[in-house]
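Shown here: model-v3.cif, mmCIF, C-alpha atoms and all ligand atoms.
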```cif
data_target
loop_
_atom_site.label_atom_id
_atom_site.label_comp_id
_atom_site.auth_asym_id
_atom_site.auth_seq_id
_atom_site.Cartn_x
_atom_site.Cartn_y
_atom_site.Cartn_z
CA MET M 133 -4.47 20.17 -4.83
CA LYS M 134 -4.61 16.64 -3.45
CA SER M 135 -5.20 13.74 -5.87
CA ILE M 136 -8.56 12.01 -5.71
CA VAL M 137 -6.84 8.97 -4.16
CA ASP M 138 -5.38 11.16 -1.39
CA GLN M 139 -8.82 12.68 -0.88
CA SER M 140 -10.30 9.18 -0.57
CA HIS M 141 -7.72 8.43 2.13
CA ASP M 142 -8.59 11.66 3.95
CA PHE M 143 -12.25 10.64 3.90
CA LEU M 144 -11.45 7.26 5.49
CA LYS M 145 -8.85 8.48 7.97
CA ASP M 146 -11.42 9.71 10.51
CA VAL M 147 -12.68 6.15 11.14
CA LEU M 148 -9.26 4.47 11.48
CA HIS M 149 -7.94 3.44 14.89
CA LYS M 150 -5.75 0.68 16.28
CA GLY M 151 -8.59 -1.85 16.40
CA ALA M 152 -9.93 -1.00 12.95
CA ILE M 153 -10.77 -3.71 10.41
CA CYS M 154 -10.32 -2.56 6.81
CA ILE M 155 -10.87 -3.88 3.30
CA ASP M 156 -8.89 -2.93 0.22
CA ALA M 157 -11.27 -4.37 -2.38
CA THR M 158 -8.88 -3.75 -5.31
CA LEU M 159 -5.37 -4.45 -4.05
CA GLY M 160 -3.39 -3.70 -7.22
CA TRP M 161 0.00 -2.27 -6.29
CA GLY M 162 -1.14 -2.02 -2.68
CA LYS M 163 -1.09 1.74 -2.20
CA ASP M 164 -4.45 1.77 -0.41
CA THR M 165 -3.40 -1.18 1.75
CA ASP M 166 -0.19 0.71 2.61
CA PHE M 167 -2.28 3.70 3.65
CA PHE M 168 -4.35 1.55 6.03
CA LEU M 169 -1.27 -0.18 7.46
CA LYS M 170 0.52 3.14 8.03
CA ASN M 171 -2.43 4.15 10.18
CA ASN M 172 -1.73 1.18 12.47
CA VAL M 173 -5.05 -0.58 12.00
CA ARG M 174 -5.65 -4.11 13.27
CA LYS M 175 -6.35 -5.90 9.99
CA VAL M 176 -6.43 -5.16 6.25
CA TYR M 177 -8.02 -7.65 3.85
CA GLY M 178 -6.73 -7.10 0.31
CA PHE M 179 -8.60 -8.62 -2.67
CA GLU M 180 -7.05 -9.12 -6.11
CA ILE M 181 -7.86 -11.42 -9.05
CA GLN M 182 -4.75 -10.92 -11.19
CA GLN M 183 -2.18 -13.49 -10.10
CA VAL M 184 0.98 -11.66 -11.18
CA VAL M 185 -0.16 -8.44 -9.49
CA PHE M 186 -1.26 -10.32 -6.39
CA GLU M 187 2.03 -12.21 -5.97
CA GLN M 188 4.18 -9.13 -6.55
CA THR M 189 2.23 -6.95 -4.14
CA VAL M 190 1.98 -9.62 -1.46
CA SER M 191 5.74 -10.20 -1.61
CA ASN M 192 6.30 -6.45 -1.11
CA ILE M 193 4.04 -6.05 1.90
CA LYS M 194 5.56 -7.71 4.92
CA ASP M 195 3.10 -6.92 7.65
CA SER M 196 1.31 -9.38 9.93
CA HIS M 197 -1.82 -7.17 9.87
CA PHE M 198 -2.25 -7.77 6.13
CA VAL M 199 -4.61 -10.57 4.99
CA PRO M 200 -4.21 -11.02 1.21
CA VAL M 201 -7.03 -12.78 -0.64
CA PHE M 202 -6.57 -14.07 -4.17
CA ASP M 203 -10.22 -13.87 -5.16
CA GLY M 204 -12.76 -11.38 -6.47
CA HIS M 205 -14.15 -8.75 -4.13
CA GLN M 206 -17.65 -9.96 -5.07
CA ASN M 207 -16.85 -12.97 -2.82
CA MET M 208 -15.69 -10.90 0.16
CA ASP M 209 -18.41 -12.27 2.42
CA ALA M 210 -16.76 -15.70 2.23
CA TYR M 211 -13.59 -14.31 3.83
CA VAL M 212 -14.65 -11.40 6.02
CA LYS M 213 -16.70 -12.58 8.97
CA GLU M 214 -16.50 -9.46 11.10
CA GLU M 215 -17.80 -5.90 10.99
CA VAL M 216 -15.61 -3.50 9.09
CA ASP M 217 -14.61 0.12 9.81
CA ALA M 218 -13.29 1.21 6.42
CA ILE M 219 -13.44 -0.06 2.84
CA ILE M 220 -11.90 1.23 -0.35
CA PHE M 221 -12.53 0.38 -4.00
CA ASN M 222 -10.29 1.81 -6.68
CA PHE M 223 -11.99 0.68 -9.89
CA GLY M 224 -10.56 -0.06 -13.31
CA TYR M 225 -7.29 -1.83 -14.16
CA CYS M 226 -3.85 -1.90 -12.62
CA PRO M 227 -1.51 0.49 -14.49
CA GLY M 228 1.49 -1.39 -15.85
CA PHE M 229 -0.37 -4.72 -16.05
CA ASP M 230 -3.02 -6.31 -18.26
CA SER M 231 -5.58 -3.55 -18.89
CA GLN M 232 -8.11 -6.21 -19.92
CA VAL M 233 -8.27 -7.40 -16.32
CA LYS M 234 -10.45 -4.73 -14.86
CA THR M 235 -13.43 -4.31 -12.60
CA ASN M 236 -16.84 -4.74 -14.22
CA PRO M 237 -20.30 -3.39 -13.41
CA LYS M 238 -21.89 -6.70 -12.40
CA THR M 239 -19.25 -7.88 -9.93
CA SER M 240 -18.61 -4.34 -8.70
CA LEU M 241 -22.27 -3.95 -7.73
CA GLU M 242 -22.31 -7.35 -6.04
CA ALA M 243 -19.22 -6.36 -4.08
CA ILE M 244 -20.53 -2.91 -3.12
CA GLU M 245 -23.74 -4.46 -1.80
CA LYS M 246 -21.78 -6.94 0.32
CA ALA M 247 -19.39 -4.24 1.49
CA LEU M 248 -22.27 -2.02 2.65
CA TYR M 249 -23.62 -4.93 4.65
CA LEU M 250 -20.22 -5.63 6.28
CA LEU M 251 -19.65 -1.99 7.18
CA LYS M 252 -20.29 -1.18 10.83
CA LYS M 253 -22.41 1.75 11.97
CA LYS M 254 -20.34 4.94 11.45
CA GLY M 255 -18.04 2.94 9.16
CA ARG M 256 -16.98 4.53 5.87
CA MET M 257 -16.45 3.40 2.31
CA ALA M 258 -14.60 5.24 -0.46
CA LEU M 259 -15.18 4.53 -4.15
CA VAL M 260 -12.64 5.94 -6.59
CA ILE M 261 -14.31 5.86 -10.00
CA TYR M 262 -12.93 6.44 -13.52
CA PRO M 263 -15.72 7.58 -15.89
CA HIS M 264 -13.64 7.39 -19.10
CA GLU M 265 -14.93 5.32 -22.00
CA GLU M 266 -14.22 1.87 -20.53
CA GLY M 267 -15.39 2.87 -17.06
CA ARG M 268 -18.50 4.82 -18.00
CA GLU M 269 -20.95 1.91 -17.83
CA GLU M 270 -19.59 0.92 -14.42
CA SER M 271 -19.75 4.50 -13.17
CA LYS M 272 -23.41 4.82 -14.24
CA ALA M 273 -24.39 1.45 -12.75
CA ILE M 274 -22.78 2.33 -9.41
CA GLU M 275 -24.47 5.73 -9.20
CA MET M 276 -27.88 4.29 -10.16
CA TYR M 277 -27.56 1.69 -7.43
CA LEU M 278 -26.38 4.14 -4.75
CA LYS M 279 -29.05 6.76 -5.53
CA LYS M 280 -31.72 4.26 -4.50
CA LEU M 281 -30.28 3.66 -1.02
CA ASP M 282 -32.14 5.02 1.99
CA SER M 283 -30.69 8.40 2.97
CA HIS M 284 -31.43 7.66 6.64
CA ALA M 285 -29.27 4.54 6.43
CA PHE M 286 -26.38 5.91 4.35
CA TYR M 287 -24.86 9.35 3.84
CA ILE M 288 -23.46 9.42 0.30
CA GLU M 289 -21.45 12.25 -1.22
CA LYS M 290 -19.84 12.70 -4.63
CA ARG M 291 -16.69 14.76 -5.08
CA THR M 292 -15.86 15.54 -8.69
CA GLN M 293 -14.06 18.08 -10.86
CA LEU M 294 -16.89 20.07 -12.48
CA ASN M 295 -14.88 21.41 -15.40
CA HIS M 296 -13.43 18.08 -16.57
CA ASP M 297 -15.71 15.39 -18.04
CA HIS M 298 -13.63 12.27 -17.53
CA SER M 299 -11.60 12.95 -14.43
CA PRO M 300 -11.65 10.32 -11.69
CA TYR M 301 -13.99 11.11 -8.85
CA LEU M 302 -14.75 10.04 -5.33
CA ILE M 303 -17.93 8.72 -3.80
CA GLY M 304 -17.77 8.71 -0.01
CA ILE M 305 -20.28 6.72 2.01
CA GLU M 306 -20.93 6.61 5.75
CA LYS M 307 -23.27 4.02 7.25
CA LEU M 308 -25.62 5.88 9.56
CA LYS M 309 -27.41 3.00 11.25
C1 LIG M 401 -7.15 0.59 -10.28
S1 LIG M 401 -6.41 -0.91 -9.79
C2 LIG M 401 -6.24 -0.76 -8.04
C3 LIG M 401 -5.12 0.12 -7.59
C4 LIG M 401 -4.65 -0.20 -6.22
N1 LIG M 401 -5.60 0.13 -5.21
C5 LIG M 401 -3.29 0.38 -5.95
O1 LIG M 401 -3.10 1.07 -4.96
O2 LIG M 401 -2.39 0.13 -6.74
C6 LIG M 401 -7.75 -2.07 -9.85
C7 LIG M 401 -7.35 -3.49 -9.47
O3 LIG M 401 -8.52 -4.26 -9.25
C8 LIG M 401 -8.26 -5.57 -9.71
N2 LIG M 401 -9.56 -6.22 -9.91
C9 LIG M 401 -10.33 -6.24 -11.03
N3 LIG M 401 -11.46 -6.92 -10.77
C10 LIG M 401 -11.40 -7.35 -9.49
C11 LIG M 401 -12.27 -8.10 -8.65
N4 LIG M 401 -13.44 -8.57 -9.10
N5 LIG M 401 -11.88 -8.34 -7.37
C12 LIG M 401 -10.69 -7.88 -6.91
N6 LIG M 401 -9.82 -7.16 -7.66
C13 LIG M 401 -10.18 -6.89 -8.93
C14 LIG M 401 -7.43 -5.37 -10.95
O4 LIG M 401 -6.71 -6.54 -11.29
C15 LIG M 401 -6.54 -4.20 -10.54
O5 LIG M 401 -5.33 -4.65 -10.00
#
```

Using structure tokens, write down the structure from this file.
Ligand SMILES: C[S@@+](CC[C@H](N)C(=O)[O-])C[C@H]1O[C@@H](n2cnc3c(N)ncnc32)[C@H](O)[C@@H]1O
Amino acid sequence: MKSIVDQSHDFLKDVLHKGAICIDATLGWGKDTDFFLKNNVRKVYGFEIQQVVFEQTVSNIKDSHFVPVFDGHQNMDAYVKEEVDAIIFNFGYCPGFDSQVKTNPKTSLEAIEKALYLLKKKGRMALVIYPHEEGREESKAIEMYLKKLDSHAFYIEKRTQLNHDHSPYLIGIEKLK
């Protein structure tokens, strides 16, 4: 069985091509950025707020198509001035680093709203969500927000493990118009 992160990559893969513009909204160790770059896209913006994580990951990724941004994803509209094909958020904290530095409901919702606006028609966004104790509030806030979106404008699916309460899950979104 593929991990939920691999499934999120599968969901995005269909919209990647050599001119694709992508956003990794939670850079962390850079695994999602690596996935985009391996698919030979044109540009990957990577957002991260934790300096030590940011510096380490940026020094490991030597690729001219990578645009690292040391700022919160809630400010992505200040940096991304073009339509985007694919966006990924992998919420929570970076394993191995300060677990107190994690995504939070307010800024996550601000960022998701901006990301949906930046997405081009037929563009896709993957949200990898961790509904354990610390992530539960964020998970609920994200679902409440997404449930209200117009189903003619966005196709939104949820892929989850039914027989496990706190397992990470995927929300996949395609912009329809
Ligand atoms: C689960 S990790 C991401 C894992 C990453 N995609 C990878 O492949 O390693 C979440 C990351 O989001 C970062 N983060 C938390 N709040 C953020 C924000 N507002 N904007 C950008 N990054 C944020 C954390 O510092 C952490 O590194």

Residues up to 8 Å from ligand LIG 401 (chain M), counting all atoms listed in the file: could you list those as a PyMOL selection string?
-> chain M and resi 156-165+179-182+185-186+202-206+221-227+229-230+233-236+239-240+243

Can you tell me how far atom CA of M:Lys290 sits from atom CA of M:Glu245, in Å to one decimal?
->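 Atom-to-atom, atom CA of M:Lys290 to atom CA of M:Glu245, that is 17.8 Å.
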
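Among the candidates M:Lys170, M:Lys194, M:Arg291, M:Lys213, the residue lying nearest to M:Leu259 is M:Arg291 (atoms considered: all atoms listed in the file).
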
Separation of atom CA of M:Asn207 from atom CA of M:Lys246 in Å | 8.4 Å

Would you list the contacts of M:Glu214 as a ChimeraX atom specification, taking every protein, DNA or RNA residue within 10 Å and counting all atoms listed in the file, but skipping same-chain residues closer than 6 positions in sequence?
-> /M:153,250-252

Please produce a file of those selected residues containing C-alpha atoms, as a short mmCIF file (atom, residue, chain, number, x, y, z; two decimals), in the frame of the given file.
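To be explicit, this is the file written out as again_21.cif:
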```cif
data_model
loop_
_atom_site.label_atom_id
_atom_site.label_comp_id
_atom_site.auth_asym_id
_atom_site.auth_seq_id
_atom_site.Cartn_x
_atom_site.Cartn_y
_atom_site.Cartn_z
CA ILE M 153 -10.77 -3.71 10.41
CA LEU M 250 -20.22 -5.63 6.28
CA LEU M 251 -19.65 -1.99 7.18
CA LYS M 252 -20.29 -1.18 10.83
#
```

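Atom pair atom CA of M:Pro300 / atom CA of M:Ile288 has a distance of 16.9 Å (rounded to one decimal).
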
Spatial sel., origin (-13.6, 7.1, -15.0), limit 8 Å, all atoms listed in the file, listed as a ChimeraX atom specification = /M:224,261-268,271,298-301

Output for the residues just chosen: C-alpha atoms as a PDB file, in the coordinates of the input:
```pdb
ATOM      1  CA  GLY M 224     -10.560  -0.060 -13.310  1.00  0.00           C
ATOM      2  CA  ILE M 261     -14.310   5.860 -10.000  1.00  0.00           C
ATOM      3  CA  TYR M 262     -12.930   6.440 -13.520  1.00  0.00           C
ATOM      4  CA  PRO M 263     -15.720   7.580 -15.890  1.00  0.00           C
ATOM      5  CA  HIS M 264     -13.640   7.390 -19.100  1.00  0.00           C
ATOM      6  CA  GLU M 265     -14.930   5.320 -22.000  1.00  0.00           C
ATOM      7  CA  GLU M 266     -14.220   1.870 -20.530  1.00  0.00           C
ATOM      8  CA  GLY M 267     -15.390   2.870 -17.060  1.00  0.00           C
ATOM      9  CA  ARG M 268     -18.500   4.820 -18.000  1.00  0.00           C
ATOM     10  CA  SER M 271     -19.750   4.500 -13.170  1.00  0.00           C
ATOM     11  CA  HIS M 298     -13.630  12.270 -17.530  1.00  0.00           C
ATOM     12  CA  SER M 299     -11.600  12.950 -14.430  1.00  0.00           C
ATOM     13  CA  PRO M 300     -11.650  10.320 -11.690  1.00  0.00           C
ATOM     14  CA  TYR M 301     -13.990  11.110  -8.850  1.00  0.00           C
TER      15      TYR M 301
END
```

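Among the candidates M:Glu306, M:Lys145, M:Ile193, M:Lys253, the residue lying nearest to M:Asn171 is M:Lys145 (atoms considered: all atoms listed in the file).
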
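Closest approach to M:Phe198 among M:Asn172, M:His284, M:Leu241, M:Val216: M:Asn172, based on only C-alpha atoms.
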
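Residues surrounding M:Tyr177 within 7 Å are Cys154, Ile155, Asp156, Phe198, Val199, Pro200 and Val201 of chain M [only C-alpha atoms; sequence separation below 5 positions excluded].
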
Which is closest to M:Asp217 among M:Pro237, M:Gly151, M:Gly178, M:Gly304, if we use all atoms listed in the file?
->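 Using all atoms listed in the file, M:Asp217 sits closest to M:Gly151.
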
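Residues with any atom within 12 Å of M:Lys279, counting only C-alpha atoms and excluding same-chain neighbours fewer than 5 positions away, are Lys272, Ala273, Ile274, Phe286, Tyr287, Ile288, Glu289, Lys290, Ile303 and Ile305 of chain M.
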
M:Asp146 surroundings by all atoms listed in the file, 12 Å radius, close-in-sequence under 5 positions cut, as a ChimeraX atom specification = /M:140-141,152,168,171,217-218,254-257,306

Of the candidates M:Asp297, M:Asp282, M:Glu187, M:Glu270, which one gets nearest to M:Lys309 if we count only C-alpha atoms?
-> M:Asp282

Nearest-residue call for M:Asn192, choices M:Ile220, M:Val176, M:Asp209, M:Asp166, using only C-alpha atoms |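 Of all the options, M:Asp166 lies closest to M:Asn192.
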
Kindly reconstruct stretch 278-289 of chain M with all heavy atoms and present the result as a PDB file, keeping the file's coordinate frame.
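Listing of rebuild_31.pdb after writing:
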```
ATOM      1  N   LEU M 278     -26.542   3.385  -6.004  1.00  0.00           N
ATOM      2  CA  LEU M 278     -26.380   4.140  -4.750  1.00  0.00           C
ATOM      3  C   LEU M 278     -27.500   5.166  -4.545  1.00  0.00           C
ATOM      4  O   LEU M 278     -27.917   5.419  -3.414  1.00  0.00           O
ATOM      5  CB  LEU M 278     -25.017   4.851  -4.735  1.00  0.00           C
ATOM      6  CG  LEU M 278     -23.792   3.938  -4.677  1.00  0.00           C
ATOM      7  CD1 LEU M 278     -22.518   4.769  -4.712  1.00  0.00           C
ATOM      8  CD2 LEU M 278     -23.801   3.061  -3.423  1.00  0.00           C
ATOM      9  N   LYS M 279     -27.986   5.740  -5.640  1.00  0.00           N
ATOM     10  CA  LYS M 279     -29.050   6.760  -5.530  1.00  0.00           C
ATOM     11  C   LYS M 279     -30.310   6.192  -4.908  1.00  0.00           C
ATOM     12  O   LYS M 279     -31.117   6.927  -4.350  1.00  0.00           O
ATOM     13  CB  LYS M 279     -29.380   7.331  -6.918  1.00  0.00           C
ATOM     14  CG  LYS M 279     -28.435   8.438  -7.308  1.00  0.00           C
ATOM     15  CD  LYS M 279     -28.792   9.021  -8.663  1.00  0.00           C
ATOM     16  CE  LYS M 279     -27.770  10.079  -9.032  1.00  0.00           C
ATOM     17  NZ  LYS M 279     -27.811  10.447 -10.428  1.00  0.00           N
ATOM     18  N   LYS M 280     -30.493   4.882  -5.020  1.00  0.00           N
ATOM     19  CA  LYS M 280     -31.720   4.260  -4.500  1.00  0.00           C
ATOM     20  C   LYS M 280     -31.609   3.914  -3.014  1.00  0.00           C
ATOM     21  O   LYS M 280     -32.589   3.489  -2.400  1.00  0.00           O
ATOM     22  CB  LYS M 280     -32.025   2.986  -5.286  1.00  0.00           C
ATOM     23  CG  LYS M 280     -32.442   3.298  -6.716  1.00  0.00           C
ATOM     24  CD  LYS M 280     -32.915   2.052  -7.432  1.00  0.00           C
ATOM     25  CE  LYS M 280     -33.139   2.341  -8.905  1.00  0.00           C
ATOM     26  NZ  LYS M 280     -32.640   1.322  -9.771  1.00  0.00           N
ATOM     27  N   LEU M 281     -30.436   4.060  -2.434  1.00  0.00           N
ATOM     28  CA  LEU M 281     -30.280   3.660  -1.020  1.00  0.00           C
ATOM     29  C   LEU M 281     -30.929   4.690  -0.096  1.00  0.00           C
ATOM     30  O   LEU M 281     -30.917   5.891  -0.366  1.00  0.00           O
ATOM     31  CB  LEU M 281     -28.794   3.500  -0.679  1.00  0.00           C
ATOM     32  CG  LEU M 281     -28.055   2.378  -1.407  1.00  0.00           C
ATOM     33  CD1 LEU M 281     -26.601   2.333  -0.939  1.00  0.00           C
ATOM     34  CD2 LEU M 281     -28.711   1.026  -1.172  1.00  0.00           C
ATOM     35  N   ASP M 282     -31.446   4.202   1.001  1.00  0.00           N
ATOM     36  CA  ASP M 282     -32.140   5.020   1.990  1.00  0.00           C
ATOM     37  C   ASP M 282     -31.183   6.079   2.588  1.00  0.00           C
ATOM     38  O   ASP M 282     -30.150   5.729   3.153  1.00  0.00           O
ATOM     39  CB  ASP M 282     -32.663   4.065   3.081  1.00  0.00           C
ATOM     40  CG  ASP M 282     -33.369   4.793   4.207  1.00  0.00           C
ATOM     41  OD1 ASP M 282     -33.510   6.031   4.133  1.00  0.00           O
ATOM     42  OD2 ASP M 282     -33.772   4.102   5.151  1.00  0.00           O
ATOM     43  N   SER M 283     -31.573   7.336   2.483  1.00  0.00           N
ATOM     44  CA  SER M 283     -30.690   8.400   2.970  1.00  0.00           C
ATOM     45  C   SER M 283     -30.609   8.444   4.500  1.00  0.00           C
ATOM     46  O   SER M 283     -29.744   9.110   5.059  1.00  0.00           O
ATOM     47  CB  SER M 283     -31.141   9.761   2.438  1.00  0.00           C
ATOM     48  OG  SER M 283     -32.448  10.029   2.879  1.00  0.00           O
ATOM     49  N   HIS M 284     -31.539   7.744   5.176  1.00  0.00           N
ATOM     50  CA  HIS M 284     -31.430   7.660   6.640  1.00  0.00           C
ATOM     51  C   HIS M 284     -30.439   6.562   7.045  1.00  0.00           C
ATOM     52  O   HIS M 284     -29.934   6.554   8.162  1.00  0.00           O
ATOM     53  CB  HIS M 284     -32.794   7.370   7.264  1.00  0.00           C
ATOM     54  CG  HIS M 284     -33.787   8.460   6.989  1.00  0.00           C
ATOM     55  ND1 HIS M 284     -33.716   9.693   7.595  1.00  0.00           N
ATOM     56  CD2 HIS M 284     -34.846   8.501   6.151  1.00  0.00           C
ATOM     57  CE1 HIS M 284     -34.703  10.457   7.133  1.00  0.00           C
ATOM     58  NE2 HIS M 284     -35.389   9.759   6.257  1.00  0.00           N
ATOM     59  N   ALA M 285     -30.186   5.648   6.137  1.00  0.00           N
ATOM     60  CA  ALA M 285     -29.270   4.540   6.430  1.00  0.00           C
ATOM     61  C   ALA M 285     -27.840   4.843   5.979  1.00  0.00           C
ATOM     62  O   ALA M 285     -26.864   4.395   6.598  1.00  0.00           O
ATOM     63  CB  ALA M 285     -29.759   3.262   5.754  1.00  0.00           C
ATOM     64  N   PHE M 286     -27.707   5.618   4.886  1.00  0.00           N
ATOM     65  CA  PHE M 286     -26.380   5.910   4.350  1.00  0.00           C
ATOM     66  C   PHE M 286     -26.282   7.380   3.936  1.00  0.00           C
ATOM     67  O   PHE M 286     -27.165   7.888   3.235  1.00  0.00           O
ATOM     68  CB  PHE M 286     -26.093   5.061   3.106  1.00  0.00           C
ATOM     69  CG  PHE M 286     -26.063   3.592   3.374  1.00  0.00           C
ATOM     70  CD1 PHE M 286     -27.168   2.793   3.095  1.00  0.00           C
ATOM     71  CD2 PHE M 286     -24.931   2.991   3.911  1.00  0.00           C
ATOM     72  CE1 PHE M 286     -27.145   1.427   3.342  1.00  0.00           C
ATOM     73  CE2 PHE M 286     -24.897   1.622   4.157  1.00  0.00           C
ATOM     74  CZ  PHE M 286     -26.011   0.835   3.873  1.00  0.00           C
ATOM     75  N   TYR M 287     -25.209   8.027   4.374  1.00  0.00           N
ATOM     76  CA  TYR M 287     -24.860   9.350   3.840  1.00  0.00           C
ATOM     77  C   TYR M 287     -23.942   9.090   2.653  1.00  0.00           C
ATOM     78  O   TYR M 287     -22.936   8.372   2.778  1.00  0.00           O
ATOM     79  CB  TYR M 287     -24.127  10.171   4.921  1.00  0.00           C
ATOM     80  CG  TYR M 287     -23.419  11.371   4.358  1.00  0.00           C
ATOM     81  CD1 TYR M 287     -24.109  12.557   4.125  1.00  0.00           C
ATOM     82  CD2 TYR M 287     -22.066  11.311   4.018  1.00  0.00           C
ATOM     83  CE1 TYR M 287     -23.475  13.650   3.574  1.00  0.00           C
ATOM     84  CE2 TYR M 287     -21.418  12.404   3.469  1.00  0.00           C
ATOM     85  CZ  TYR M 287     -22.131  13.567   3.251  1.00  0.00           C
ATOM     86  OH  TYR M 287     -21.504  14.643   2.696  1.00  0.00           O
ATOM     87  N   ILE M 288     -24.283   9.673   1.500  1.00  0.00           N
ATOM     88  CA  ILE M 288     -23.460   9.420   0.300  1.00  0.00           C
ATOM     89  C   ILE M 288     -23.131  10.735  -0.389  1.00  0.00           C
ATOM     90  O   ILE M 288     -24.041  11.490  -0.749  1.00  0.00           O
ATOM     91  CB  ILE M 288     -24.191   8.486  -0.694  1.00  0.00           C
ATOM     92  CG1 ILE M 288     -24.626   7.199   0.027  1.00  0.00           C
ATOM     93  CG2 ILE M 288     -23.300   8.159  -1.881  1.00  0.00           C
ATOM     94  CD1 ILE M 288     -25.390   6.227  -0.837  1.00  0.00           C
ATOM     95  N   GLU M 289     -21.844  11.013  -0.540  1.00  0.00           N
ATOM     96  CA  GLU M 289     -21.450  12.250  -1.220  1.00  0.00           C
ATOM     97  C   GLU M 289     -20.617  11.921  -2.455  1.00  0.00           C
ATOM     98  O   GLU M 289     -19.988  10.867  -2.545  1.00  0.00           O
ATOM     99  CB  GLU M 289     -20.643  13.157  -0.282  1.00  0.00           C
ATOM    100  CG  GLU M 289     -19.286  12.592   0.101  1.00  0.00           C
ATOM    101  CD  GLU M 289     -18.438  13.564   0.919  1.00  0.00           C
ATOM    102  OE1 GLU M 289     -19.002  14.378   1.659  1.00  0.00           O
ATOM    103  OE2 GLU M 289     -17.202  13.469   0.799  1.00  0.00           O
TER     104      GLU M 289
END
```
